[in-house]
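Structure file structure-v9.txt; described as compact mmCIF, C-alpha atoms.
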```txt
# COMPACT_ATOMS: atom_id res chain seq x y z
CA MET I 1 -1.53 4.97 -6.23
CA GLN I 2 0.95 7.07 -8.16
CA ILE I 3 2.10 6.26 -11.71
CA ARG I 4 5.32 7.95 -12.80
CA SER I 5 8.28 7.56 -15.12
CA ALA I 6 10.81 5.02 -13.91
CA THR I 7 14.33 6.18 -13.08
CA ASP I 8 17.69 4.42 -12.70
CA ALA I 9 17.04 4.36 -8.95
CA ASP I 10 14.00 2.10 -9.56
CA ALA I 11 15.93 -0.55 -11.53
CA ALA I 12 16.63 -2.92 -8.62
CA ARG I 13 12.98 -2.94 -7.49
CA ILE I 14 11.73 -3.40 -11.05
CA SER I 15 14.13 -6.28 -11.63
CA GLY I 16 13.06 -7.91 -8.37
CA LEU I 17 9.37 -7.59 -9.20
CA ILE I 18 9.76 -9.07 -12.69
CA GLN I 19 11.93 -11.93 -11.46
CA SER I 20 9.46 -12.75 -8.67
CA LEU I 21 6.64 -13.10 -11.21
CA SER I 22 8.53 -14.89 -14.01
CA GLY I 23 8.09 -18.53 -12.98
CA PRO I 24 5.07 -19.18 -15.23
CA PHE I 25 7.14 -18.25 -18.33
CA PHE I 26 9.72 -20.98 -17.87
CA LEU I 27 9.56 -24.25 -19.75
CA SER I 28 11.53 -25.87 -16.92
CA PRO I 29 10.33 -25.39 -13.31
CA ASP I 30 13.82 -24.35 -12.19
CA GLY I 31 14.23 -21.79 -14.99
CA SER I 32 17.03 -23.69 -16.69
CA GLY I 33 17.31 -22.71 -20.32
CA ALA I 34 15.83 -19.28 -19.64
CA GLU I 35 19.16 -17.57 -19.03
CA LEU I 36 18.68 -15.06 -21.88
CA PHE I 37 15.34 -13.99 -20.43
CA LEU I 38 16.81 -13.76 -16.93
CA GLN I 39 19.70 -11.64 -18.24
CA SER I 40 17.16 -9.32 -19.85
CA VAL I 41 15.57 -8.52 -16.48
CA THR I 42 18.66 -7.92 -14.35
CA GLU I 43 19.05 -4.59 -12.60
CA GLN I 44 21.67 -3.57 -15.16
CA ALA I 45 19.40 -4.47 -18.10
CA ILE I 46 16.47 -2.56 -16.57
CA ARG I 47 18.71 0.50 -16.14
CA GLY I 48 19.45 0.31 -19.85
CA TYR I 49 15.76 0.19 -20.79
CA VAL I 50 14.84 3.02 -18.44
CA SER I 51 17.46 5.29 -19.99
CA ALA I 52 16.94 4.21 -23.63
CA SER I 53 15.24 6.72 -25.90
CA ASN I 54 13.10 4.02 -27.55
CA PHE I 55 11.49 2.88 -24.27
CA LEU I 56 8.68 4.41 -22.24
CA TYR I 57 9.02 2.90 -18.77
CA LEU I 58 6.50 3.66 -16.02
CA ILE I 59 6.02 2.38 -12.49
CA ALA I 60 3.09 2.42 -10.10
CA GLU I 61 3.73 2.93 -6.41
CA ALA I 62 1.45 2.57 -3.42
CA GLU I 63 2.84 3.87 -0.12
CA ASN I 64 6.45 3.60 -1.44
CA GLU I 65 5.86 -0.02 -2.52
CA LEU I 66 6.40 -0.95 -6.17
CA ALA I 67 2.93 -2.10 -7.23
CA GLY I 68 3.52 -2.47 -10.97
CA VAL I 69 5.61 -1.67 -13.99
CA VAL I 70 4.95 -1.21 -17.70
CA ALA I 71 7.33 -0.65 -20.60
CA LEU I 72 6.64 0.16 -24.23
CA ARG I 73 9.43 -0.30 -26.78
CA ASP I 74 9.58 1.60 -30.07
CA ASN I 75 6.16 3.13 -29.39
CA THR I 76 4.50 -0.14 -30.46
CA HIS I 77 5.62 -3.20 -28.47
CA LEU I 78 4.37 -3.80 -24.93
CA TYR I 79 7.67 -5.03 -23.54
CA HIS I 80 6.87 -5.42 -19.83
CA LEU I 81 3.65 -5.37 -17.85
CA PHE I 82 3.93 -6.78 -14.33
CA VAL I 83 1.75 -6.17 -11.29
CA ALA I 84 2.77 -7.25 -7.78
CA ARG I 85 0.67 -10.12 -6.48
CA THR I 86 -0.81 -7.96 -3.72
CA HIS I 87 -2.14 -5.53 -6.35
CA GLN I 88 -3.40 -7.99 -8.95
CA GLY I 89 -7.08 -8.11 -9.79
CA LYS I 90 -7.66 -4.44 -8.97
CA GLY I 91 -7.32 -2.89 -12.44
CA LEU I 92 -3.73 -1.71 -12.07
CA GLY I 93 -2.54 -3.66 -15.11
CA ARG I 94 -5.23 -2.01 -17.23
CA SER I 95 -4.33 1.43 -15.82
CA LEU I 96 -0.65 0.94 -16.64
CA TRP I 97 -1.49 -0.34 -20.12
CA LEU I 98 -3.78 2.64 -20.80
CA CYS I 99 -1.05 5.06 -19.70
CA VAL I 100 1.48 3.77 -22.22
CA LYS I 101 -1.14 3.24 -24.91
CA GLN I 102 -2.37 6.82 -24.67
CA ALA I 103 1.21 8.14 -24.64
CA ALA I 104 1.97 6.08 -27.76
CA LEU I 105 -1.12 7.36 -29.57
CA ARG I 106 -0.17 10.94 -28.68
CA ALA I 107 3.34 10.23 -30.02
CA GLY I 108 1.98 9.10 -33.38
CA ASN I 109 1.22 5.38 -32.98
CA SER I 110 -1.65 4.52 -35.33
CA GLY I 111 -3.22 2.14 -32.82
CA ARG I 112 -1.18 -0.98 -33.62
CA PHE I 113 0.55 -2.75 -30.73
CA THR I 114 2.23 -6.09 -30.15
CA VAL I 115 3.05 -8.15 -27.06
CA ASN I 116 4.67 -11.50 -26.36
CA ALA I 117 2.22 -12.64 -23.71
CA SER I 118 3.14 -15.18 -21.09
CA LEU I 119 0.67 -18.03 -21.38
CA ASN I 120 -0.95 -17.25 -18.01
CA ALA I 121 -1.52 -13.62 -19.09
CA ILE I 122 -3.27 -14.31 -22.40
CA PRO I 123 -6.77 -13.72 -20.91
CA ILE I 124 -5.68 -10.32 -19.60
CA TYR I 125 -4.35 -9.22 -22.97
CA GLU I 126 -7.49 -10.53 -24.67
CA ARG I 127 -9.54 -8.28 -22.34
CA PHE I 128 -7.36 -5.38 -23.55
CA GLY I 129 -8.29 -6.31 -27.15
CA PHE I 130 -5.17 -8.23 -28.21
CA ILE I 131 -5.53 -11.34 -30.35
CA PRO I 132 -2.99 -14.09 -31.10
CA SER I 133 -0.91 -13.29 -34.18
CA SER I 134 0.86 -16.65 -34.47
CA PRO I 135 1.02 -19.97 -32.63
CA LYS I 136 2.56 -20.31 -29.17
CA VAL I 137 6.35 -19.96 -29.18
CA GLU I 138 8.76 -21.94 -27.03
CA LYS I 139 12.22 -20.39 -27.27
CA HIS I 140 15.22 -19.86 -25.00
CA GLY I 141 13.54 -21.67 -22.12
CA VAL I 142 10.34 -19.62 -22.08
CA ALA I 143 6.89 -19.94 -23.63
CA PHE I 144 4.81 -17.04 -24.93
CA MET I 145 2.02 -16.15 -27.32
CA PRO I 146 2.71 -13.39 -29.87
CA MET I 147 -0.33 -11.12 -29.88
CA GLN I 148 -1.38 -7.93 -31.61
CA LEU I 149 -3.89 -5.16 -31.15
CA VAL I 150 -5.31 -2.81 -33.70
CA ALA I 151 -6.94 -0.24 -31.46
CA VAL I 152 -9.62 2.31 -31.97
CA GLN I 153 -8.19 5.66 -30.86
CA ASN I 154 -10.59 5.91 -27.88
CA GLY I 155 -10.88 2.16 -27.25
CA GLY I 156 -9.76 -0.17 -24.44
```
Could you render the structure as structure tokens?
Amino acid sequence: MQIRSATDADAARISGLIQSLSGPFFLSPDGSGAELFLQSVTEQAIRGYVSASNFLYLIAEAENELAGVVALRDNTHLYHLFVARTHQGKGLGRSLWLCVKQAALRAGNSGRFTVNASLNAIPIYERFGFIPSSPKVEKHGVAFMPMQLVAVQNGG
């Protein structure tokens, strides 16, 4: 498994991975109403994030297959964390999270992070140390739980 910085050339694969895993976010089974979210994960949108100076975007590859992706916005907000189904349950999500967390701490983050967790991912973020920061939100066709983490510098 190799974790590296994402490039423009990775945008289509990243977009495909995120879209393939997005069903649990939608309030409607067919995704209707979630057009803003879906626009935010198009290939073109991903290219913008990858090249933006306020994003740290990493991918994990296993034998040239995209296994996972993580993005941190503004050195504080966990913007994307997706692991391909075939790689789930093996610690890759935690590895990706730790990579961006450590990079953020080195770049001056005091240990405070936020995430808008999909409802099915709340237990994962709780294992990372995040706690809910407000009630569940249903907006623009998706549901999520705002969460925050105040981390110890060497902690999980």
Per residue of stretch 36-142 of chain I within 7 Å of stretch 19-32 of chain I, which atom pair is closest and at what distance in Å (one decimal), using only C-alpha atoms, listed by chain and increasing number, as a Markdown table?
```
| residue | atom | partner | partner_atom | distance |
| --- | --- | --- | --- | --- |
| I:Ser118 | CA | I:Phe25 | CA | 5.7 |
| I:Asn120 | CA | I:Pro24 | CA | 6.9 |
| I:Gly141 | CA | I:Leu27 | CA | 5.3 |
| I:Val142 | CA | I:Phe26 | CA | 4.5 |
```
Best match for closeness to I:Ala107 among I:Tyr57, I:Leu119, I:Thr86, I:Thr76, counting all atoms listed in the file
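Residue with the minimum atom-to-atom distance to I:Ala107: I:Thr76.
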Which residue is closest to I:Leu58? Choose from I:Ala84, I:Ala117, I:Ala103, I:Ile122 and count only C-alpha atoms.
I:Ala103
Around the point (-4.4, -5.8, -5.7) (coordinates from the file), which residues reach within 12 Å if we count all atoms listed in the file? Answer as a PyMOL selection string.
chain I and resi 1+60-62+66-68+83-93
Using all atoms listed in the file - which residues lie no farther than 9 Å from the point (18.6, -4.0, -14.4) in the file's frame? Write them as a PDB file with C-alpha atoms, in the frame of the given file.
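That gives us result_17.pdb:
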```pdb
ATOM      1  CA  ASP I   8      17.690   4.420 -12.700  1.00  0.00           C
ATOM      2  CA  ALA I  11      15.930  -0.550 -11.530  1.00  0.00           C
ATOM      3  CA  ALA I  12      16.630  -2.920  -8.620  1.00  0.00           C
ATOM      4  CA  ARG I  13      12.980  -2.940  -7.490  1.00  0.00           C
ATOM      5  CA  ILE I  14      11.730  -3.400 -11.050  1.00  0.00           C
ATOM      6  CA  SER I  15      14.130  -6.280 -11.630  1.00  0.00           C
ATOM      7  CA  GLN I  39      19.700 -11.640 -18.240  1.00  0.00           C
ATOM      8  CA  SER I  40      17.160  -9.320 -19.850  1.00  0.00           C
ATOM      9  CA  VAL I  41      15.570  -8.520 -16.480  1.00  0.00           C
ATOM     10  CA  THR I  42      18.660  -7.920 -14.350  1.00  0.00           C
ATOM     11  CA  GLU I  43      19.050  -4.590 -12.600  1.00  0.00           C
ATOM     12  CA  GLN I  44      21.670  -3.570 -15.160  1.00  0.00           C
ATOM     13  CA  ALA I  45      19.400  -4.470 -18.100  1.00  0.00           C
ATOM     14  CA  ILE I  46      16.470  -2.560 -16.570  1.00  0.00           C
ATOM     15  CA  ARG I  47      18.710   0.500 -16.140  1.00  0.00           C
ATOM     16  CA  GLY I  48      19.450   0.310 -19.850  1.00  0.00           C
ATOM     17  CA  TYR I  49      15.760   0.190 -20.790  1.00  0.00           C
ATOM     18  CA  VAL I  50      14.840   3.020 -18.440  1.00  0.00           C
TER      19      VAL I  50
END
```
Between I:Glu138, I:Ala104, I:Ser110, I:Ala143, which one has atoms that come closest to I:Ala71, using only C-alpha atoms?
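The closest residue to I:Ala71 is I:Ala104.
Of note, atom CA of I:Glu65 and atom CA of I:Tyr79 are spaced 21.7 Å apart.
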One decimal place gives the atom CA of I:Phe130-atom CA of I:Gln148 separation as 5.1 Å
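If you measure from each of I:Gly108, I:Gly33, I:Pro123, I:Pro132 to I:Leu149 using only C-alpha atoms, the closest one turns out to be I:Pro132.
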